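Okay, structure first, notes after.
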Amino acid sequence: MKLEMGVRSVRRGRRRERNQVVWGMFLIGLGVVFFLSRLDVIDLHRWTTWWPSLMILFGTAWIIAPGKPRHIASGITFILIGIWFYACIEHWYGLRFRTGWPILVVVAGLEMVVSSMLERVWPDWKENDWKSEEEERHA
């Protein structure tokens, strides 16, 4: 019983660390956006051109601090969808929302395949696998 409670507290601590990384990345990204706005590099009033970068930022945070293997696949998906939105807004290669939707189908399929592959590579992945050397010595 005591061991089970110890494992729960370690998992809770790992989740808290991961949440801190995600929120830290969010605050860094937000600070960069405001800083670039103050330097007149970007125009915050034209939010339609830069909001996909928030999706890319969240996707990057999920890849950096995953809780499960599928979070890595979800992070990749968020990044790709953010790039897709930006490409449609800026009309890269003539891409528009009306003509670019099949790319989202490909991205959804890609997430399923990558998620399945990652689950096979790390079948025994647990939240507390990211132990520090200090914790391993005390275990």
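Here, A, B, ... name the chains of the structure tokens in the order displayed, residue numbers run from 1 inside each chain, and ligands are numbered from 1 in the same displayed order.
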
DSSP-assigned helix (DSSP H, G or I) members of range 19-127 of chain A, reported as a PyMOL selection string: chain A and resi 19-38+44-49+52-64+69-90+92-94+97-121+127

Name the residues in contact with range 88-103 of chain A at a cut-off of 8 Å, using only C-alpha atoms, excluding same-chain residues fewer than 4 positions from it; report them as a list in words. Thr48, Thr49, Trp84 and Val107 of chain A

Would you mind reading off the distance between CA of Ala65 in chain A and CA of Met25 in chain A, one decimal, in Å?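 If I compute the distance from CA of Ala65 in chain A to CA of Met25 in chain A, I get 10.5 Å.
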
Applying 9 Å and only C-alpha atoms, which residues near Leu44 in chain A remain after dropping the ones on its own chain fewer than 6 positions away? List them as JSON, numbers by chain. {"A": [33, 34, 37, 50]}

Export of the given selection (N, CA and C atoms) as a short mmCIF file (atom, residue, chain, number, x, y, z; two decimals), in the first residue's frame:
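Just written: selection-v9.cif:
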```
data_model
loop_
_atom_site.label_atom_id
_atom_site.label_comp_id
_atom_site.auth_asym_id
_atom_site.auth_seq_id
_atom_site.Cartn_x
_atom_site.Cartn_y
_atom_site.Cartn_z
N VAL A 33 6.10 36.73 -28.81
CA VAL A 33 5.10 37.40 -29.67
C VAL A 33 4.95 38.86 -29.25
N PHE A 34 4.81 39.12 -27.97
CA PHE A 34 4.66 40.50 -27.50
C PHE A 34 5.93 41.31 -27.78
N SER A 37 6.08 42.15 -31.35
CA SER A 37 5.07 43.18 -31.62
C SER A 37 5.61 44.56 -31.24
N TRP A 50 -0.60 35.00 -37.54
CA TRP A 50 0.38 34.39 -36.63
C TRP A 50 -0.20 33.40 -35.64
#
```

Would you work out the distance separating CA of Pro69 in chain A from CA of Tyr86 in chain A, expressed in Å to one decimal? 26.6 Å

Quick one: everything within 12 Å of Leu30 in chain A, counting only C-alpha atoms, minus sequence neighbours fewer than 6 positions away in the same chain. Send it as a list in words.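 Using only C-alpha atoms, the neighbours found are Trp23, Gly24, Leu36, Ser37, Leu44, Trp50, Trp51, Ser53, Leu54, Leu57 and Phe58 of chain A.
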
As a ChimeraX atom specification, please: the residues near range 111-118 of chain A (cut-off 12 Å, only C-alpha atoms, same-chain neighbours under 4 positions excluded). /A:66,68-81,104-107,122-125

Two-atom distance - CA of Ile56 in chain A, CA of Ile83 in chain A (Å):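 Interatomic distance here is 7.3 Å.
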
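If you measure from each of A:Ile42, A:Ile64, A:Met55, A:Val32 to Glu17 in chain A using only C-alpha atoms, the closest one turns out to be A:Ile64.
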